[in-house]
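Colleague: Input final.csv, format and content: CSV, C-alpha atoms.
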chain,number,residue,atom,x,y,z
A,1,MET,CA,1.0,-15.1,-15.1
A,2,SER,CA,4.8,-15.3,-15.2
A,3,GLN,CA,6.5,-14.0,-12.1
A,4,SER,CA,9.4,-12.6,-14.1
A,5,ARG,CA,7.1,-9.9,-15.5
A,6,HIS,CA,6.6,-8.4,-12.1
A,7,VAL,CA,9.4,-5.8,-11.7
A,8,PRO,CA,9.5,-4.5,-8.1
A,9,VAL,CA,9.3,-0.7,-8.2
A,10,MET,CA,12.5,1.3,-7.1
A,11,LEU,CA,14.0,-2.0,-5.9
A,12,GLN,CA,17.6,-0.9,-5.8
A,13,ARG,CA,16.8,2.3,-3.9
A,14,CYS,CA,14.7,0.4,-1.3
A,15,LEU,CA,17.6,-2.0,-0.7
A,16,ASP,CA,20.1,0.8,-0.4
A,17,LEU,CA,17.9,2.7,2.1
A,18,LEU,CA,17.6,-0.3,4.3
A,19,ALA,CA,21.1,-1.6,3.9
A,20,PRO,CA,22.9,0.1,6.8
A,21,ALA,CA,20.5,-1.5,9.2
A,22,LEU,CA,20.6,-5.0,7.7
A,23,GLU,CA,24.3,-5.6,7.2
A,24,GLY,CA,25.0,-6.6,10.8
A,25,PRO,CA,24.7,-10.1,12.3
A,26,GLY,CA,21.2,-11.8,12.3
A,27,PRO,CA,19.0,-8.8,11.4
A,28,VAL,CA,15.2,-9.3,11.0
A,29,VAL,CA,13.5,-7.5,8.1
A,30,VAL,CA,9.8,-7.3,7.6
A,31,ASP,CA,8.2,-7.1,4.1
A,32,CYS,CA,4.7,-5.9,5.0
A,33,THR,CA,3.4,-6.3,1.5
A,34,LEU,CA,4.7,-9.5,0.1
A,35,GLY,CA,2.8,-9.6,-3.2
A,36,LEU,CA,4.7,-11.9,-5.5
A,37,GLY,CA,7.8,-11.8,-3.4
A,38,GLY,CA,10.0,-9.6,-5.6
A,39,HIS,CA,11.2,-7.3,-2.9
A,40,SER,CA,11.4,-10.2,-0.4
A,41,GLU,CA,13.6,-12.3,-2.7
A,42,ALA,CA,15.9,-9.3,-3.3
A,43,LEU,CA,16.2,-8.7,0.5
A,44,LEU,CA,17.1,-12.4,1.2
A,45,GLU,CA,19.6,-12.4,-1.7
A,46,ARG,CA,21.4,-9.1,-0.8
A,47,PHE,CA,21.5,-9.6,3.0
A,48,PRO,CA,22.5,-13.3,3.5
A,49,GLU,CA,22.5,-12.9,7.3
A,50,ALA,CA,18.9,-11.6,7.4
A,51,ARG,CA,15.8,-13.3,8.5
A,52,LEU,CA,12.6,-12.2,6.6
A,53,VAL,CA,9.1,-12.0,8.0
A,54,ALA,CA,6.6,-11.3,5.1
A,55,LEU,CA,2.9,-10.5,5.4
A,56,ASP,CA,0.1,-10.6,2.9
A,57,ARG,CA,-3.7,-10.8,3.2
A,58,ASP,CA,-4.0,-12.5,-0.2
A,59,LYS,CA,-3.7,-16.3,0.1
A,60,GLU,CA,-2.9,-16.7,-3.6
A,61,ALA,CA,0.0,-14.3,-3.3
A,62,LEU,CA,1.3,-16.2,-0.3
A,63,ARG,CA,1.2,-19.5,-2.2
A,64,LEU,CA,3.0,-18.1,-5.2
A,65,ALA,CA,5.6,-16.2,-3.2
A,66,GLY,CA,6.1,-19.3,-1.0
A,67,GLU,CA,7.2,-21.2,-4.1
A,68,ARG,CA,9.5,-18.4,-5.1
A,69,LEU,CA,11.1,-18.1,-1.7
A,70,ALA,CA,11.3,-21.8,-1.0
A,71,PRO,CA,15.1,-22.0,-1.8
A,72,TYR,CA,15.7,-19.7,1.3
A,73,GLY,CA,14.2,-22.3,3.6
A,74,GLU,CA,14.0,-21.3,7.3
A,75,ARG,CA,15.2,-17.7,6.6
A,76,ALA,CA,11.7,-16.7,5.3
A,77,THR,CA,8.6,-16.8,7.4
A,78,LEU,CA,5.4,-16.0,5.4
A,79,VAL,CA,2.3,-15.0,7.3
A,80,HIS,CA,-1.4,-14.6,6.2
A,81,ALA,CA,-2.1,-11.2,7.8
A,82,VAL,CA,-3.0,-7.6,7.0
A,83,TYR,CA,-0.1,-5.3,7.7
A,84,ASP,CA,-1.6,-3.5,10.6
A,85,GLU,CA,-1.5,-6.8,12.4
A,86,LEU,CA,2.3,-6.5,12.5
A,87,PRO,CA,2.6,-6.2,16.3
A,88,GLU,CA,0.6,-9.5,16.8
A,89,VAL,CA,2.6,-11.3,14.1
A,90,LEU,CA,5.9,-10.4,15.7
A,91,ASP,CA,4.6,-11.2,19.2
A,92,LYS,CA,3.6,-14.7,18.0
A,93,LEU,CA,7.0,-15.2,16.5
A,94,GLY,CA,8.7,-14.1,19.7
A,95,ILE,CA,10.4,-11.2,17.9
A,96,ARG,CA,10.7,-8.1,20.1
A,97,ARG,CA,12.4,-5.7,17.6
A,98,VAL,CA,13.2,-5.6,13.9
A,99,GLN,CA,16.0,-3.9,12.0
A,100,GLY,CA,14.2,-3.2,8.8
A,101,VAL,CA,10.6,-2.7,7.5
A,102,LEU,CA,9.5,-2.3,3.9
A,103,PHE,CA,6.0,-1.4,2.6
A,104,ASP,CA,5.2,-1.4,-1.1
A,105,LEU,CA,1.6,-0.1,-1.2
A,106,GLY,CA,1.0,-0.7,-4.9
A,107,VAL,CA,-1.6,-3.3,-5.5
A,108,SER,CA,0.3,-6.4,-6.4
A,109,SER,CA,0.5,-6.7,-10.2
A,110,MET,CA,-1.0,-10.1,-9.9
A,111,GLN,CA,-4.2,-8.7,-8.6
A,112,LEU,CA,-4.4,-6.1,-11.3
A,113,ASP,CA,-3.6,-8.7,-14.0
A,114,GLU,CA,-6.2,-11.3,-12.8
A,115,ALA,CA,-9.4,-10.6,-14.6
A,116,ASP,CA,-11.7,-12.5,-12.3
A,117,ARG,CA,-10.8,-10.4,-9.2
A,118,GLY,CA,-12.5,-7.2,-10.6
A,119,PHE,CA,-9.6,-4.8,-10.0
A,120,ALA,CA,-9.0,-4.0,-13.6
A,121,TYR,CA,-11.2,-1.6,-15.5
A,122,ALA,CA,-9.7,-2.8,-18.8
A,123,GLN,CA,-11.5,-6.2,-18.7
A,124,ASP,CA,-15.0,-7.2,-17.8
A,125,ALA,CA,-15.0,-9.1,-14.5
A,126,PRO,CA,-17.1,-9.5,-11.4
A,127,LEU,CA,-16.9,-6.4,-9.2
A,128,ASP,CA,-15.1,-7.9,-6.2
A,129,MET,CA,-11.8,-6.1,-5.4
A,130,ARG,CA,-11.2,-7.8,-2.0
A,131,MET,CA,-7.6,-8.6,-1.5
A,132,ASP,CA,-8.6,-11.3,0.9
A,133,GLN,CA,-11.5,-13.0,-0.7
A,134,THR,CA,-12.5,-14.8,2.4
A,135,THR,CA,-13.8,-11.7,4.2
A,136,GLY,CA,-15.5,-8.3,3.9
A,137,VAL,CA,-17.8,-6.6,1.4
A,138,SER,CA,-17.2,-6.6,-2.3
A,139,ALA,CA,-17.1,-3.6,-4.6
A,140,ALA,CA,-20.5,-4.7,-6.0
A,141,GLU,CA,-22.1,-4.5,-2.5
A,142,VAL,CA,-20.6,-1.0,-1.9
A,143,LEU,CA,-22.1,0.2,-5.2
A,144,ASN,CA,-25.5,-1.4,-4.7
A,145,THR,CA,-26.0,-0.6,-1.0
A,146,TYR,CA,-24.1,2.5,0.1
A,147,PRO,CA,-26.2,5.7,0.4
A,148,PRO,CA,-25.5,8.2,-2.3
A,149,GLY,CA,-23.8,10.7,0.0
A,150,GLU,CA,-21.4,8.0,1.2
A,151,LEU,CA,-20.5,7.0,-2.3
A,152,VAL,CA,-19.8,10.7,-3.2
A,153,ARG,CA,-17.5,11.0,-0.2
A,154,ILE,CA,-15.6,7.8,-1.1
A,155,LEU,CA,-15.1,8.9,-4.7
A,156,ARG,CA,-13.9,12.3,-3.7
A,157,ALA,CA,-11.7,11.3,-0.8
A,158,TYR,CA,-10.2,8.1,-2.2
A,159,GLY,CA,-10.4,8.7,-5.9
A,160,GLU,CA,-9.9,12.4,-5.9
A,161,GLU,CA,-12.7,12.3,-8.5
A,162,LYS,CA,-14.0,15.8,-9.3
A,163,GLN,CA,-17.1,14.5,-11.0
A,164,ALA,CA,-18.2,12.3,-8.1
A,165,LYS,CA,-21.7,13.7,-7.9
A,166,ARG,CA,-22.4,13.1,-11.5
A,167,ILE,CA,-21.0,9.5,-11.4
A,168,VAL,CA,-23.0,8.7,-8.2
A,169,ALA,CA,-26.2,10.1,-9.6
A,170,ALA,CA,-25.8,7.7,-12.6
A,171,ILE,CA,-24.9,4.8,-10.3
A,172,VAL,CA,-28.0,5.3,-8.1
A,173,ARG,CA,-30.3,5.6,-11.2
A,174,GLU,CA,-28.9,2.4,-12.7
A,175,ARG,CA,-28.7,0.3,-9.6
A,176,GLU,CA,-32.5,0.7,-9.1
A,177,LYS,CA,-33.0,-0.9,-12.5
A,178,GLU,CA,-30.6,-3.7,-11.9
A,179,PRO,CA,-27.8,-4.2,-9.2
A,180,PHE,CA,-24.2,-3.9,-10.4
A,181,SER,CA,-22.3,-7.2,-10.7
A,182,ASN,CA,-19.6,-6.6,-13.4
A,183,SER,CA,-16.9,-4.0,-14.1
A,184,ALA,CA,-17.7,-3.4,-17.8
A,185,ARG,CA,-21.2,-1.9,-17.0
A,186,LEU,CA,-19.6,0.4,-14.4
A,187,VAL,CA,-16.9,1.6,-16.8
A,188,GLU,CA,-19.5,2.3,-19.5
A,189,LEU,CA,-21.7,4.2,-17.0
A,190,ILE,CA,-18.7,6.4,-16.0
A,191,ARG,CA,-17.9,7.2,-19.6
A,192,ASP,CA,-21.4,8.2,-20.3
A,193,ALA,CA,-21.7,10.3,-17.1
A,194,LEU,CA,-18.6,12.4,-17.6
A,195,PRO,CA,-18.6,15.6,-19.6
A,196,GLN,CA,-16.4,15.6,-22.7
A,197,ALA,CA,-13.7,17.8,-21.2
A,198,ALA,CA,-13.2,15.4,-18.2
A,199,LYS,CA,-12.7,12.4,-20.6
A,200,ARG,CA,-9.7,14.1,-22.3
A,201,THR,CA,-7.4,14.1,-19.3
A,202,GLY,CA,-5.5,11.4,-17.5
A,203,GLY,CA,-6.1,7.9,-19.0
A,204,ASN,CA,-9.1,5.8,-18.5
A,205,PRO,CA,-12.0,7.8,-16.9
A,206,ALA,CA,-12.9,4.9,-14.7
A,207,LYS,CA,-9.5,4.8,-13.0
A,208,ARG,CA,-10.3,7.1,-10.1
A,209,THR,CA,-13.6,5.4,-9.3
A,210,PHE,CA,-11.9,2.0,-9.3
A,211,GLN,CA,-9.2,3.2,-7.0
A,212,ALA,CA,-11.7,4.7,-4.6
A,213,LEU,CA,-13.7,1.4,-4.5
A,214,ARG,CA,-10.6,-0.6,-3.9
A,215,ILE,CA,-9.5,1.6,-1.0
A,216,GLU,CA,-12.9,1.4,0.5
A,217,VAL,CA,-13.4,-2.4,0.1
A,218,ASN,CA,-10.0,-3.2,1.6
A,219,GLY,CA,-10.0,-0.4,4.3
A,220,GLU,CA,-6.6,0.5,2.9
A,221,LEU,CA,-6.1,3.9,4.4
A,222,ALA,CA,-7.5,3.0,7.8
A,223,VAL,CA,-5.1,0.0,7.8
A,224,LEU,CA,-2.2,2.2,6.8
A,225,GLU,CA,-3.0,4.7,9.5
A,226,ARG,CA,-2.5,1.9,12.1
A,227,ALA,CA,0.3,0.1,10.3
A,228,VAL,CA,2.9,2.8,9.7
A,229,PRO,CA,3.1,3.9,13.4
A,230,ALA,CA,3.1,0.2,14.5
A,231,ALA,CA,6.0,-0.5,12.1
A,232,VAL,CA,8.0,2.5,13.5
A,233,GLU,CA,7.3,1.2,17.0
A,234,ALA,CA,8.7,-2.2,16.1
A,235,LEU,CA,12.0,-0.8,14.9
A,236,ASP,CA,15.1,-1.2,16.9
A,237,VAL,CA,17.2,1.9,17.5
A,238,GLY,CA,19.3,2.2,14.2
A,239,GLY,CA,16.5,0.3,12.4
A,240,ARG,CA,15.2,1.6,9.1
A,241,ILE,CA,11.8,1.8,7.4
A,242,ALA,CA,11.1,2.4,3.7
A,243,VAL,CA,7.6,3.1,2.3
A,244,LEU,CA,6.6,3.2,-1.4
A,245,SER,CA,3.2,4.8,-2.0
A,246,TYR,CA,1.3,5.4,-5.2
A,247,HIS,CA,-1.2,8.1,-4.6
A,248,SER,CA,-1.2,11.4,-2.7
A,249,LEU,CA,-3.5,10.1,0.1
A,250,GLU,CA,-1.1,7.3,1.1
A,251,ASP,CA,2.0,9.5,0.7
A,252,ARG,CA,0.5,12.3,2.9
A,253,LEU,CA,-0.3,9.8,5.6
A,254,VAL,CA,3.3,8.4,5.6
A,255,LYS,CA,4.7,11.9,5.5
A,256,GLN,CA,2.7,12.8,8.6
A,257,VAL,CA,3.8,9.8,10.6
A,258,PHE,CA,7.5,10.3,9.7
A,259,ALA,CA,7.3,14.1,10.3
A,260,ALA,CA,5.8,13.6,13.7
A,261,GLY,CA,8.5,11.1,14.7
A,262,ALA,CA,11.3,13.4,13.5
A,263,ALA,CA,10.0,16.5,15.3
A,264,THR,CA,10.8,17.5,18.9
A,265,THR,CA,7.7,17.4,21.1
A,266,ALA,CA,9.2,19.9,23.7
A,267,PRO,CA,7.1,22.9,24.8
A,268,PRO,CA,8.7,26.0,23.1
A,269,GLY,CA,11.3,28.0,25.0
A,270,LEU,CA,13.1,25.2,26.9
A,271,PRO,CA,16.8,26.0,27.1
A,272,VAL,CA,17.7,22.3,27.1
A,273,VAL,CA,15.4,19.7,25.5
A,274,PRO,CA,15.0,16.7,27.8
A,275,GLU,CA,15.5,13.2,26.2
A,276,ARG,CA,11.8,12.4,26.3
A,277,TYR,CA,11.0,15.2,23.9
A,278,GLN,CA,13.8,14.5,21.4
A,279,PRO,CA,12.9,13.2,17.9
A,280,ARG,CA,12.6,9.4,17.6
A,281,LEU,CA,13.1,9.3,13.9
A,282,LYS,CA,15.6,10.8,11.4
A,283,LEU,CA,14.3,11.3,7.9
A,284,LEU,CA,16.4,9.5,5.2
A,285,THR,CA,14.8,11.1,2.1
A,286,ARG,CA,14.4,14.7,1.3
A,287,GLY,CA,10.6,14.8,0.8
A,288,ALA,CA,9.5,11.9,-1.3
A,289,GLU,CA,11.9,10.3,-3.8
A,290,LEU,CA,10.6,9.6,-7.3
A,291,PRO,CA,11.5,6.9,-9.8
A,292,THR,CA,14.0,7.7,-12.5
A,293,GLU,CA,12.8,8.2,-16.1
A,294,GLU,CA,14.6,5.0,-17.1
A,295,GLU,CA,12.7,3.1,-14.5
A,296,ILE,CA,9.3,4.5,-15.6
A,297,ALA,CA,10.2,3.6,-19.2
A,298,GLU,CA,10.9,0.0,-18.1
A,299,ASN,CA,7.9,-0.3,-15.8
A,300,ARG,CA,5.0,2.0,-16.3
A,301,ARG,CA,3.5,1.1,-12.9
A,302,ALA,CA,6.5,2.9,-11.3
A,303,ALA,CA,5.3,6.3,-12.6
A,304,PRO,CA,3.3,7.4,-9.6
A,305,ALA,CA,5.6,5.9,-6.9
A,306,ARG,CA,6.8,8.0,-4.0
A,307,LEU,CA,9.5,6.6,-1.7
A,308,ARG,CA,10.1,7.8,1.9
A,309,GLY,CA,12.5,6.4,4.4
A,310,ALA,CA,13.3,7.0,8.1
A,311,GLN,CA,15.6,5.7,10.8
A,312,ARG,CA,14.8,5.1,14.4
A,313,ILE,CA,17.3,7.1,16.4
A,314,ARG,CA,16.1,6.5,20.0
A,315,GLU,CA,13.8,4.6,22.3
A,316,SER,CA,10.4,6.0,23.2
A,317,VAL,CA,10.7,7.4,26.7
A,318,GLU,CA,7.4,7.6,28.5
Could you quickly redo this structure as structure tokens?
Modeller:
Amino acid sequence: MSQSRHVPVMLQRCLDLLAPALEGPGPVVVDCTLGLGGHSEALLERFPEARLVALDRDKEALRLAGERLAPYGERATLVHAVYDELPEVLDKLGIRRVQGVLFDLGVSSMQLDEADRGFAYAQDAPLDMRMDQTTGVSAAEVLNTYPPGELVRILRAYGEEKQAKRIVAAIVREREKEPFSNSARLVELIRDALPQAAKRTGGNPAKRTFQALRIEVNGELAVLERAVPAAVEALDVGGRIAVLSYHSLEDRLVKQVFAAGAATTAPPGLPVVPERYQPRLKLLTRGAELPTEEEIAENRRAAPARLRGAQRIRESVE
């Protein structure tokens, strides 16, 4: 796959949001979701003083991004890690605080485009979906072994799939005949299980189920729940964080962390709010910012993106 095809979503806006924190001398910026390195390359290019630390759980992504970022030499440190491991990564590198953090929570295009990884419902492939293929259970194992109630919960919670019960009933019936191994059989089963009306809305009917499986297989929401507060904690005062999410569950989680940081924690009725109760974050976006129509026309993957930014405005006081 050619790397030029991967257009990072809302790239300019992300850079502008982080810029005030990265224009000083020797800032450290963390790209928590390296992918093919599009955002990382742009950060190194735009902020010539900055040092980049970039994380990815996918070894193939690290290899490709490493080639792309090689011209920047020592300025780029690439680490094989899941983004909730950020505190350990910074600790190992001897970095106490950072000035900028970026998350782009879209699955890297490479993973969606690689047929043999089983992310895509448009091609037949083994049902794997692990971003780090050296560890964890595959999507096939989830389908073949999870109890029906658990599968329904996953499809509803992570895929926002209204027809979860129907789909799971069909999965359970079919897996007894023969375990699932490939994506085409699952796509076909979902098509057959859905009532006509449900097939007429919103693209491929398998999309929501595939999203749900991917989130479950990679523990994405649990990882994000740990990662965003950890990233806020790693920010220096004046440091900034930008998070791009692609579905309402992720966006809600980011919104909650930012809102909590931007709120005062004082008991009501205090005439003067002591320092330790003051907000730690200032919100940089009003609600979530959306991509422009031009951007969506250029890059259809940008359509569901939601961008939120915040700035650390004071130290935590215990």
Colleague: Any idea what's packed within 6 Å of Val28 (chain A), counting all atoms listed in the file, ignoring anything in its chain fewer than 5 positions away? Could you give it as a ChimeraX atom specification?
Modeller: /A:50-52,98-99
Colleague: Between A:Glu141, A:Asp16, A:Asp132, A:Glu225, which one has atoms that come closest to Arg240 (chain A), using all atoms listed in the file?
Modeller: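 Of all the options, A:Asp16 lies closest to Arg240 (chain A).
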Colleague: Which residues are close to Val168 (chain A), i.e. within 7 Å by all atoms listed in the file, leaving aside same-chain residues fewer than 3 positions away? Reply as a list in words.
Modeller: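 Those residues are Pro148, Leu151, Val152, Ala164, Lys165, Ile171 and Val172 of chain A.
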Colleague: Expressed in Å to a single decimal, how great is the separation between CA of Gln12 (chain A) and CA of Gly35 (chain A)?
Modeller: 17.4 Å
Colleague: Which residue, A:Glu289, A:Glu45, A:Glu298, A:Glu315, has the smallest gap to Val243 (chain A) when you use only C-alpha atoms?
Modeller: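 Going through A:Glu289, A:Glu45, A:Glu298, A:Glu315 one by one, the smallest distance to Val243 (chain A) is for A:Glu289.
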Colleague: So, with only C-alpha atoms as the atoms that count, which of A:Pro279, A:Pro179, A:Pro25, A:Gly149 lies closest to Arg166 (chain A)?
Modeller: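 Nearest to Arg166 (chain A): A:Gly149.
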Colleague: Nearest residue to Ala206 (chain A) out of A:Leu270, A:Val228, A:Ala222, A:Ile167, using only C-alpha atoms?
Modeller: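 Distance minimum relative to Ala206 (chain A) lands on A:Ile167.
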Colleague: May I ask which of the residues A:Gly26, A:Gly38, A:Pro205, A:Pro195 is the closest one to Glu161 (chain A), counting all atoms listed in the file?
Modeller: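 Smallest separation from Glu161 (chain A) among the options: A:Pro205.
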Colleague: Using only C-alpha atoms for the distances, tell me which of A:Arg156, A:Arg75, A:Lys282, A:Lys255 is nearest to Glu41 (chain A).
Modeller: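 Between A:Arg156, A:Arg75, A:Lys282, A:Lys255, the residue approaching Glu41 (chain A) most closely is A:Arg75.
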Colleague: Add whatever atoms are absent from region 21-31 of chain A to reach all heavy atoms, and provide the output as a PDB file, keeping the file's coordinate frame.
Modeller:
ATOM      1  N   ALA A  21      21.061  -0.853   8.040  1.00  0.00           N
ATOM      2  CA  ALA A  21      20.500  -1.500   9.200  1.00  0.00           C
ATOM      3  C   ALA A  21      20.495  -3.039   9.091  1.00  0.00           C
ATOM      4  O   ALA A  21      20.261  -3.749  10.065  1.00  0.00           O
ATOM      5  CB  ALA A  21      19.026  -1.036   9.389  1.00  0.00           C
ATOM      6  N   LEU A  22      20.765  -3.546   7.890  1.00  0.00           N
ATOM      7  CA  LEU A  22      20.600  -5.000   7.700  1.00  0.00           C
ATOM      8  C   LEU A  22      21.946  -5.702   7.418  1.00  0.00           C
ATOM      9  O   LEU A  22      21.978  -6.885   7.120  1.00  0.00           O
ATOM     10  CB  LEU A  22      19.686  -5.243   6.467  1.00  0.00           C
ATOM     11  CG  LEU A  22      18.248  -4.723   6.629  1.00  0.00           C
ATOM     12  CD1 LEU A  22      17.439  -5.010   5.373  1.00  0.00           C
ATOM     13  CD2 LEU A  22      17.575  -5.348   7.842  1.00  0.00           C
ATOM     14  N   GLU A  23      23.044  -4.951   7.533  1.00  0.00           N
ATOM     15  CA  GLU A  23      24.300  -5.600   7.200  1.00  0.00           C
ATOM     16  C   GLU A  23      25.015  -6.199   8.415  1.00  0.00           C
ATOM     17  O   GLU A  23      26.025  -6.847   8.301  1.00  0.00           O
ATOM     18  CB  GLU A  23      25.215  -4.598   6.442  1.00  0.00           C
ATOM     19  CG  GLU A  23      24.779  -4.571   4.970  1.00  0.00           C
ATOM     20  CD  GLU A  23      25.244  -3.374   4.174  1.00  0.00           C
ATOM     21  OE1 GLU A  23      25.693  -2.385   4.795  1.00  0.00           O
ATOM     22  OE2 GLU A  23      25.149  -3.419   2.932  1.00  0.00           O
ATOM     23  N   GLY A  24      24.444  -5.997   9.621  1.00  0.00           N
ATOM     24  CA  GLY A  24      25.000  -6.600  10.800  1.00  0.00           C
ATOM     25  C   GLY A  24      24.678  -8.064  10.954  1.00  0.00           C
ATOM     26  O   GLY A  24      24.071  -8.645  10.055  1.00  0.00           O
ATOM     27  N   PRO A  25      25.007  -8.695  12.090  1.00  0.00           N
ATOM     28  CA  PRO A  25      24.700 -10.100  12.300  1.00  0.00           C
ATOM     29  C   PRO A  25      23.209 -10.324  12.627  1.00  0.00           C
ATOM     30  O   PRO A  25      22.658  -9.585  13.454  1.00  0.00           O
ATOM     31  CB  PRO A  25      25.589 -10.519  13.450  1.00  0.00           C
ATOM     32  CG  PRO A  25      25.870  -9.237  14.178  1.00  0.00           C
ATOM     33  CD  PRO A  25      25.779  -8.117  13.182  1.00  0.00           C
ATOM     34  N   GLY A  26      22.598 -11.297  11.975  1.00  0.00           N
ATOM     35  CA  GLY A  26      21.200 -11.800  12.300  1.00  0.00           C
ATOM     36  C   GLY A  26      20.117 -10.720  12.357  1.00  0.00           C
ATOM     37  O   GLY A  26      19.298 -10.766  13.264  1.00  0.00           O
ATOM     38  N   PRO A  27      20.055  -9.784  11.373  1.00  0.00           N
ATOM     39  CA  PRO A  27      19.000  -8.800  11.400  1.00  0.00           C
ATOM     40  C   PRO A  27      17.625  -9.453  11.004  1.00  0.00           C
ATOM     41  O   PRO A  27      17.610 -10.461  10.288  1.00  0.00           O
ATOM     42  CB  PRO A  27      19.365  -7.758  10.406  1.00  0.00           C
ATOM     43  CG  PRO A  27      20.199  -8.505   9.411  1.00  0.00           C
ATOM     44  CD  PRO A  27      20.896  -9.596  10.182  1.00  0.00           C
ATOM     45  N   VAL A  28      16.525  -8.858  11.475  1.00  0.00           N
ATOM     46  CA  VAL A  28      15.200  -9.300  11.000  1.00  0.00           C
ATOM     47  C   VAL A  28      14.616  -8.155  10.178  1.00  0.00           C
ATOM     48  O   VAL A  28      14.630  -6.992  10.586  1.00  0.00           O
ATOM     49  CB  VAL A  28      14.244  -9.549  12.226  1.00  0.00           C
ATOM     50  CG1 VAL A  28      12.839  -9.904  11.730  1.00  0.00           C
ATOM     51  CG2 VAL A  28      14.797 -10.661  13.107  1.00  0.00           C
ATOM     52  N   VAL A  29      14.133  -8.503   8.998  1.00  0.00           N
ATOM     53  CA  VAL A  29      13.500  -7.500   8.100  1.00  0.00           C
ATOM     54  C   VAL A  29      12.082  -7.950   7.812  1.00  0.00           C
ATOM     55  O   VAL A  29      11.827  -9.132   7.600  1.00  0.00           O
ATOM     56  CB  VAL A  29      14.336  -7.271   6.831  1.00  0.00           C
ATOM     57  CG1 VAL A  29      14.477  -8.548   6.007  1.00  0.00           C
ATOM     58  CG2 VAL A  29      13.727  -6.153   5.978  1.00  0.00           C
ATOM     59  N   VAL A  30      11.150  -6.998   7.827  1.00  0.00           N
ATOM     60  CA  VAL A  30       9.800  -7.300   7.600  1.00  0.00           C
ATOM     61  C   VAL A  30       9.336  -6.728   6.229  1.00  0.00           C
ATOM     62  O   VAL A  30       9.524  -5.531   5.988  1.00  0.00           O
ATOM     63  CB  VAL A  30       8.825  -6.737   8.669  1.00  0.00           C
ATOM     64  CG1 VAL A  30       7.371  -7.124   8.387  1.00  0.00           C
ATOM     65  CG2 VAL A  30       9.243  -7.215  10.041  1.00  0.00           C
ATOM     66  N   ASP A  31       8.795  -7.573   5.364  1.00  0.00           N
ATOM     67  CA  ASP A  31       8.200  -7.100   4.100  1.00  0.00           C
ATOM     68  C   ASP A  31       6.668  -7.121   4.397  1.00  0.00           C
ATOM     69  O   ASP A  31       6.061  -8.189   4.458  1.00  0.00           O
ATOM     70  CB  ASP A  31       8.544  -8.036   2.967  1.00  0.00           C
ATOM     71  CG  ASP A  31       7.996  -7.541   1.631  1.00  0.00           C
ATOM     72  OD1 ASP A  31       7.149  -6.620   1.636  1.00  0.00           O
ATOM     73  OD2 ASP A  31       8.396  -8.086   0.580  1.00  0.00           O
TER      74      ASP A  31
END
